[in-house]
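K.L.:
work.txt is the file, holding compact mmCIF, C-alpha atoms and all ligand atoms:
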```txt
# COMPACT_ATOMS: atom_id res chain seq x y z
CA MET O 180 108.25 76.73 108.32
CA GLU O 181 111.65 76.34 106.72
CA ILE O 182 113.61 79.30 105.34
CA VAL O 183 116.32 78.66 102.78
CA ARG O 184 118.65 80.92 100.85
CA SER O 185 120.88 78.97 98.49
CA VAL O 186 119.70 77.09 95.42
CA ALA O 187 121.30 73.92 96.80
CA ASN O 188 119.35 74.15 100.06
CA LEU O 189 116.16 74.95 98.16
CA LYS O 190 116.59 71.81 96.06
CA ASP O 191 117.29 69.70 99.16
CA SER O 192 114.17 70.94 100.93
CA LEU O 193 111.99 70.38 97.89
CA ALA O 194 113.31 66.90 97.21
CA ASN O 195 111.42 65.44 100.19
CA ASN O 196 108.13 66.96 99.10
CA SER O 197 108.17 66.58 95.34
CA GLU O 198 105.17 64.23 95.38
CA LEU O 199 102.84 66.77 96.99
CA LYS O 200 100.64 69.28 95.15
CA MET O 201 102.90 72.29 95.23
CA GLY O 202 101.92 75.96 95.05
CA VAL O 203 104.22 78.96 94.79
CA VAL O 204 103.57 82.57 95.77
CA PRO O 205 106.31 84.80 94.37
CA THR O 206 106.78 88.07 96.29
CA MET O 207 109.28 90.84 96.76
CA GLY O 208 108.69 90.87 100.51
CA ALA O 209 107.31 93.93 102.32
CA LEU O 210 104.21 91.83 102.80
CA HIS O 211 100.70 93.21 103.23
CA LYS O 212 97.17 91.85 103.17
CA GLY O 213 97.29 91.54 99.35
CA HIS O 214 100.10 89.01 99.66
CA LYS O 215 98.22 87.40 102.53
CA ALA O 216 95.21 86.82 100.25
CA LEU O 217 97.45 84.97 97.77
CA LEU O 218 98.97 82.88 100.55
CA ASP O 219 95.53 82.02 101.92
CA VAL O 220 94.23 80.73 98.59
CA ALA O 221 97.47 78.82 97.96
CA ARG O 222 97.25 77.25 101.42
CA LYS O 223 93.72 76.05 100.71
CA GLU O 224 94.53 74.63 97.30
CA CYS O 225 97.95 73.05 97.82
CA LYS O 226 99.51 70.47 100.07
CA PHE O 227 102.92 72.18 100.04
CA MET O 228 103.17 75.96 99.84
CA VAL O 229 106.37 77.71 98.85
CA ALA O 230 106.73 81.48 98.99
CA THR O 231 109.62 83.41 97.53
CA SER O 232 110.89 86.70 98.85
CA PHE O 233 113.34 88.45 96.57
CA VAL O 234 113.57 92.06 95.43
CA ASN O 235 114.57 91.35 91.86
CA PRO O 236 116.87 94.10 90.54
CA LEU O 237 116.30 92.95 86.96
CA GLN O 238 112.73 94.27 87.00
CA PHE O 239 113.60 97.72 88.33
CA GLY O 240 114.38 100.51 85.93
CA ARG O 241 115.61 103.27 88.16
CA GLU O 242 118.20 102.64 90.86
CA ALA O 243 116.31 105.01 93.18
CA ASP O 244 113.20 102.85 92.95
CA LEU O 245 115.19 99.74 93.86
CA SER O 246 117.04 101.33 96.76
CA SER O 247 113.87 102.88 98.21
CA TYR O 248 111.84 99.67 97.88
CA PRO O 249 110.40 98.93 101.35
CA ARG O 250 111.81 96.00 103.29
CA SER O 251 110.43 94.39 106.45
CA ARG O 252 112.08 91.00 106.68
CA ASP O 253 111.09 90.06 110.24
CA GLU O 254 107.42 91.00 109.87
CA ASP O 255 107.37 89.17 106.53
CA MET O 256 108.54 85.93 108.08
CA THR O 257 105.83 86.18 110.74
CA ILE O 258 103.19 86.69 108.04
CA PHE O 259 104.52 83.78 105.98
CA GLU O 260 104.51 81.59 109.07
CA GLN O 261 101.02 82.58 110.18
CA ALA O 262 99.70 81.92 106.68
CA GLY O 263 100.95 78.34 106.94
CA THR O 264 103.81 78.59 104.46
CA ASP O 265 105.87 75.42 104.37
CA LEU O 266 109.00 76.82 102.78
CA VAL O 267 110.29 80.34 102.09
CA TRP O 268 112.99 80.85 99.49
CA GLU O 269 114.77 84.03 100.44
CA PRO O 270 117.83 84.10 98.20
CA SER O 271 120.57 86.70 98.10
CA PHE O 272 121.37 88.48 94.84
CA THR O 273 124.26 86.11 94.09
CA ASP O 274 122.17 83.03 94.87
CA VAL O 275 119.89 84.07 92.01
CA TYR O 276 122.39 85.78 89.73
CA PRO O 277 125.83 84.30 90.33
CA ASP O 278 128.88 85.86 88.71
CA GLN O 279 128.72 85.76 84.94
CA PHE O 280 124.97 85.24 84.87
CA GLU O 281 123.86 86.77 81.58
CA THR O 282 120.77 85.04 80.23
CA ARG O 283 117.57 87.08 79.92
CA VAL O 284 114.05 86.12 78.92
CA LYS O 285 112.74 88.51 76.30
CA MET O 286 108.96 88.82 76.35
CA GLY O 287 107.05 89.91 73.27
CA VAL O 288 104.50 92.63 72.49
CA PHE O 289 102.41 92.03 75.65
CA ALA O 290 105.27 93.32 77.68
CA GLU O 291 105.72 96.43 75.58
CA LYS O 292 102.23 97.83 76.13
CA LEU O 293 100.83 99.77 79.11
CA GLU O 294 103.40 99.42 81.90
CA GLY O 295 105.99 98.32 79.37
CA ILE O 296 105.92 101.73 77.70
CA TYR O 297 107.02 103.40 80.93
CA ARG O 298 109.06 100.54 82.38
CA PRO O 299 111.03 99.09 79.48
CA ASN O 300 112.51 95.65 80.25
CA HIS O 301 110.46 95.39 83.43
CA PHE O 302 108.59 92.29 82.30
CA ASP O 303 111.73 90.70 80.87
CA GLY O 304 113.13 90.94 84.41
CA VAL O 305 109.92 89.47 85.85
CA ALA O 306 109.95 86.64 83.29
CA THR O 307 113.60 85.85 83.94
CA ILE O 308 113.15 85.42 87.69
CA LEU O 309 109.93 83.46 87.16
CA CYS O 310 111.68 81.02 84.87
CA LYS O 311 114.14 80.38 87.66
CA ILE O 312 111.35 80.03 90.22
CA PHE O 313 109.33 77.68 88.01
CA ASN O 314 112.36 75.59 87.07
CA LEU O 315 113.66 75.25 90.60
CA ILE O 316 110.42 74.81 92.50
CA ARG O 317 108.38 73.05 89.79
CA PRO O 318 105.06 74.17 91.27
CA HIS O 319 101.72 72.83 90.08
CA MET O 320 100.07 76.16 90.89
CA ALA O 321 101.36 79.75 90.88
CA TYR O 322 99.51 82.62 92.54
CA PHE O 323 99.51 86.22 91.33
CA GLY O 324 97.44 89.32 92.08
CA GLN O 325 94.99 91.04 89.76
CA LYS O 326 96.52 94.27 91.09
CA ASP O 327 99.25 93.65 88.47
CA TRP O 328 96.87 92.57 85.73
CA GLN O 329 99.35 92.98 82.90
CA GLN O 330 101.83 90.87 84.83
CA THR O 331 99.27 88.05 85.00
CA ARG O 332 98.92 88.18 81.21
CA VAL O 333 102.69 88.14 80.78
CA VAL O 334 102.96 85.17 83.14
CA GLN O 335 100.22 83.32 81.28
CA LYS O 336 102.09 83.90 78.03
CA LEU O 337 105.38 82.79 79.55
CA ILE O 338 103.78 79.59 80.83
CA TYR O 339 102.25 78.90 77.44
CA ASP O 340 105.21 79.83 75.26
CA LEU O 341 107.82 78.02 77.32
CA ASN O 342 105.59 75.03 78.19
CA PHE O 343 105.79 75.33 81.95
CA ASP O 344 103.55 72.76 83.58
CA VAL O 345 102.03 75.21 86.04
CA GLU O 346 98.53 76.55 86.51
CA LEU O 347 98.14 80.29 87.01
CA ARG O 348 95.72 81.58 89.64
CA VAL O 349 94.78 85.24 89.81
CA ILE O 350 93.54 86.67 93.09
CA GLY O 351 91.33 89.78 93.13
CA THR O 352 92.81 93.06 94.33
CA VAL O 353 92.75 93.68 98.07
CA ARG O 354 91.99 97.28 99.06
CA ASP O 355 92.03 99.38 102.18
CA THR O 356 88.70 100.80 103.34
CA ASP O 357 89.32 104.05 101.45
CA GLY O 358 89.63 102.07 98.21
CA LEU O 359 93.40 102.31 97.83
CA ALA O 360 94.79 99.02 96.54
CA VAL O 361 97.21 97.79 99.16
CA SER O 362 100.77 97.90 97.92
CA SER O 363 104.25 97.75 99.39
CA ARG O 364 104.86 101.20 97.92
CA ASN O 365 101.96 102.69 99.96
CA ARG O 366 104.39 102.71 102.90
CA LEU O 367 106.31 105.44 101.11
CA LEU O 368 103.26 107.75 101.08
CA LEU O 369 103.04 110.56 103.62
CA PRO O 370 99.75 110.68 105.55
CA GLU O 371 98.79 113.89 103.75
CA GLN O 372 99.27 112.19 100.37
CA ARG O 373 96.83 109.43 101.12
CA SER O 374 93.70 111.13 99.76
CA SER O 375 95.50 111.94 96.48
CA ALA O 376 96.58 108.31 96.26
CA THR O 377 92.96 107.15 96.39
CA LYS O 378 92.03 109.23 93.34
CA LEU O 379 93.24 106.69 90.78
CA TYR O 380 90.77 104.06 91.93
CA LYS O 381 88.05 106.73 92.12
CA ALA O 382 88.79 107.65 88.50
CA LEU O 383 88.73 104.01 87.38
CA LYS O 384 85.40 103.53 89.11
CA VAL O 385 83.96 106.62 87.41
CA GLY O 386 85.00 105.10 84.09
CA ILE O 387 83.48 101.70 84.85
CA HIS O 388 80.30 103.29 86.19
CA SER O 389 79.86 105.36 83.07
CA PHE O 390 80.49 102.28 80.92
CA GLN O 391 77.90 100.34 82.92
CA HIS O 392 75.44 103.13 82.16
CA GLY O 393 75.93 102.70 78.45
CA GLU O 394 78.96 104.79 77.46
CA LEU O 395 81.11 102.67 75.16
CA ASP O 396 83.32 105.35 73.60
CA CYS O 397 86.74 105.06 75.22
CA ASP O 398 87.84 108.64 74.46
CA ILE O 399 84.83 109.88 76.40
CA LEU O 400 85.44 107.39 79.20
CA ARG O 401 89.14 108.30 79.43
CA LYS O 402 88.22 111.99 79.59
CA LYS O 403 85.77 111.32 82.43
CA MET O 404 88.46 109.45 84.35
CA LEU O 405 91.00 112.19 83.72
CA ASP O 406 88.54 114.79 85.03
CA VAL O 407 88.69 113.06 88.42
CA LEU O 408 92.48 113.25 88.54
CA ILE O 409 93.41 116.54 86.90
CA PRO O 410 92.06 118.89 89.64
CA ASP O 411 94.44 117.31 92.17
CA GLU O 412 97.81 118.98 91.67
CA ASP O 413 99.51 116.32 93.78
CA VAL O 414 98.61 113.60 91.27
CA ARG O 415 100.70 113.29 88.11
CA VAL O 416 99.03 110.99 85.63
CA GLU O 417 101.43 108.76 83.71
CA TYR O 418 98.75 106.95 81.76
CA LEU O 419 95.09 106.03 81.83
CA SER O 420 94.09 103.17 79.62
CA ILE O 421 91.08 101.21 78.50
CA ALA O 422 92.35 98.11 76.80
CA ASP O 423 91.23 94.67 75.74
CA ALA O 424 91.59 92.64 78.94
CA PHE O 425 93.51 89.82 77.26
CA GLU O 426 95.29 91.36 74.29
CA LEU O 427 96.02 94.60 76.19
CA VAL O 428 95.39 96.58 73.01
CA GLU O 429 94.05 100.09 73.58
CA LEU O 430 90.34 100.28 72.68
CA LYS O 431 88.26 102.87 70.85
CA LYS O 432 84.97 101.21 71.76
CA ILE O 433 84.22 98.60 74.41
CA ARG O 434 82.87 95.46 72.79
CA GLY O 435 84.16 92.73 75.10
CA PRO O 436 86.29 92.08 78.18
CA ALA O 437 88.22 95.21 79.11
CA VAL O 438 90.70 96.44 81.66
CA PHE O 439 90.58 100.03 82.87
CA SER O 440 94.03 100.79 84.26
CA GLY O 441 96.38 103.57 85.09
CA ALA O 442 99.58 104.71 86.73
CA VAL O 443 100.01 107.90 88.72
CA TRP O 444 102.84 109.53 90.60
CA ILE O 445 102.26 111.05 94.02
CA ASP O 446 105.50 112.96 94.33
CA LYS O 447 108.13 110.18 94.09
CA VAL O 448 105.75 107.26 94.65
CA ARG O 449 104.38 105.48 91.60
CA LEU O 450 101.02 103.73 92.02
CA ILE O 451 99.17 101.46 89.62
CA ASP O 452 95.67 100.06 89.71
CA ASN O 453 93.08 98.49 87.46
CA VAL O 454 89.46 97.43 87.28
CA LEU O 455 88.23 94.64 85.02
CA CYS O 456 84.93 94.40 83.23
CA GLY O 457 83.46 91.40 81.49
CA VAL O 458 86.37 89.17 82.48
CA ASP O 459 85.40 85.67 83.41
CA ILE O 460 88.43 83.42 83.51
CA GLU O 461 89.02 80.26 85.39
CA GLY O 462 91.58 81.05 87.99
CA LEU O 463 90.34 84.55 88.86
CA VAL O 464 89.59 84.18 92.55
CA ASP O 465 87.97 86.90 94.64
CA ALA O 466 90.12 88.12 97.46
CA THR O 467 88.90 86.64 100.73
P1 LIG O 501 105.06 92.06 94.86
O1 LIG O 501 105.64 91.65 96.17
O2 LIG O 501 104.66 93.50 94.80
O3 LIG O 501 105.87 91.59 93.68
O4 LIG O 501 103.68 91.29 94.75
C1 LIG O 501 103.63 89.88 94.87
C2 LIG O 501 102.26 89.43 94.42
O5 LIG O 501 101.26 90.03 95.21
C3 LIG O 501 101.97 89.84 92.96
O6 LIG O 501 101.37 88.74 92.30
C4 LIG O 501 101.02 90.98 93.12
O7 LIG O 501 100.12 91.14 92.04
C5 LIG O 501 100.26 90.58 94.38
N1 LIG O 501 99.63 91.75 94.98
C6 LIG O 501 100.22 92.94 95.23
N2 LIG O 501 99.30 93.80 95.73
C7 LIG O 501 98.12 93.14 95.78
C8 LIG O 501 96.80 93.48 96.18
N3 LIG O 501 96.51 94.69 96.63
N4 LIG O 501 95.84 92.55 96.07
C9 LIG O 501 96.12 91.31 95.60
N5 LIG O 501 97.34 90.92 95.21
C10 LIG O 501 98.33 91.82 95.30
```
For this file, write the structure as C-alpha cells.
Ligand code: AMP

P.N.:
Amino acid sequence: MEIVRSVANLKDSLANNSELKMGVVPTMGALHKGHKALLDVARKECKFMVATSFVNPLQFGREADLSSYPRSRDEDMTIFEQAGTDLVWEPSFTDVYPDQFETRVKMGVFAEKLEGIYRPNHFDGVATILCKIFNLIRPHMAYFGQKDWQQTRVVQKLIYDLNFDVELRVIGTVRDTDGLAVSSRNRLLLPEQRSSATKLYKALKVGIHSFQHGELDCDILRKKMLDVLIPDEDVRVEYLSIADAFELVELKKIRGPAVFSGAVWIDKVRLIDNVLCGVDIEGLVDAT
C-alpha cells in the first residue's frame, strides 16, 4: 500500500495505474467497521482501490466539532492496508486548499433540506472536496454509506449535474449489536450515554414498524417516533423526518420510497441515522 500526501505525488502514483478499473472510498479517517464495509465492496469490484483520509474543514460548521473530531491515524493505516487498499491519499490542509484557494461548489435545494437546515454549507463543503477527489483520482466507482443517506443523494446530483464519469455505490449501514450505527463520533460517547445513543434507531424502527402495519400518516408516525425519544432526558432531538427517499421532501402521507431519518444530541455528541423503505436502487449494496 502506498501513502501519498501532495497532489503531485498523488498524480504520479495514479499515472501508472490509469488503465485499471479504479474505485475511491472517501473518508475522514477515524476508521471503523462501516468504512471497512465500503473498502471491502470496493476491493471486490475494482482492480485499483484508492482511499482518501482527510478531515475536511469546509464541511464543518462549528470549530469545536472540527477540533474534537476523532483521529486515529496509525490504526487507520492498518485498516486500509488490511482491506487491500492500493493507495491512500492523506493530504494536509494546504495540499487540498493552498493559499488563495477560494472556489466553492454550491449545491442546490437537496443540500438545504434535512441536515442542511441544521448544518448550512455542510454539503457545499462535501461537494467541493469531492470535486477535487473526482478530478484528481478519476475513479470509475465511488463508495459511500447509506448512513449518510442525504449525502448519497447530494453526491448523485453532483455527479449528474457536473458530468463526472463515476458510478456511485451505496453500502448499507453497519451497526453494532445494540443497533447503534457505527460512527467515528461514537468514540466521543461516555459508556453511560450508550443506551441513550441507541434510542434514535429504536425510534426509527418504531416508525417503520408502524408503517409496515398500515399507518401511512406521517404526523402520526413522527409522533410515535418522538414518543420513544422524549422520555430520555439525555437525548435532545434536533429533527425527526419522514421524507421522499429521493427528493428528500417532507411527506404527509407515505405513497412511495421514503427515508425515516433523524439527528439527536447526546450532550455534545451529534448522531444521525436513517432507515429506508421501498428503496430499490442499483448500487445499494447490503453491508457484508
Ligand atoms: P466519514 O469518514 O464519516 O466521512 O465516512 C466515510 C464514509 O463512510 C461515508 O460514505 C459514510 O457514509 C460511510 N459510513 C460512515 N458510517 C457508516 C456506517 N455505519 N455504515 C456504512 N457506511 C458508513

K.L.:
List the neighbours of His214 (chain O) out to 12 Å using all atoms listed in the file; skip same-chain residues closer than 2 positions along the sequence, and give me the result as a ChimeraX atom specification.

P.N.:
/O:203-212,216-221,230-232,255,258-259,262,322-326,349-354,360-363,466-467

K.L.:
Report the distance between CA of Ile182 (chain O) and CA of Trp268 (chain O) in Å, rounded to one decimal place.

P.N.:
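According to the coordinates, CA of Ile182 (chain O) and CA of Trp268 (chain O) are separated by 6.1 Å.
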
K.L.:
Nearest to Gln372 (chain O): which of O:Leu359, O:Arg241, O:Cys456, O:Leu337 is it, counting all atoms listed in the file?

P.N.:
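The closest residue to Gln372 (chain O) is O:Leu359.
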
K.L.:
Here is a test: counting all atoms listed in the file, which residue of O:Arg184, O:Arg364, O:Lys292, O:Arg252 is nearest to ligand LIG 501 (chain O)?

P.N.:
O:Arg364

K.L.:
What's the 7 Å shell around Asp303 (chain O), counting all atoms listed in the file, without same-chain residues fewer than 4 positions away, as a ChimeraX atom specification?

P.N.:
/O:283-286,307

K.L.:
Only C-alpha atoms, please: the residues just picked out, written as a JSON list (two decimals), keeping the file's coordinate frame.

P.N.:
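Output (selection22.json):
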```json
[["chain", "number", "residue", "atom", "x", "y", "z"],
["O", 283, "ARG", "CA", 117.57, 87.08, 79.92],
["O", 284, "VAL", "CA", 114.05, 86.12, 78.92],
["O", 285, "LYS", "CA", 112.74, 88.51, 76.30],
["O", 286, "MET", "CA", 108.96, 88.82, 76.35],
["O", 307, "THR", "CA", 113.60, 85.85, 83.94]]
```

K.L.:
Would you mind telling me which residue in O:Arg298, O:His392, O:Lys215, O:Arg317 lies nearest to Leu189 (chain O) when using only C-alpha atoms?

P.N.:
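The shortest atom-to-atom distance to Leu189 (chain O) comes from O:Arg317.
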
K.L.:
Between CA of Tyr297 (chain O) and CA of Thr273 (chain O), what is the distance, to one decimal in Å?

P.N.:
27.7 Å
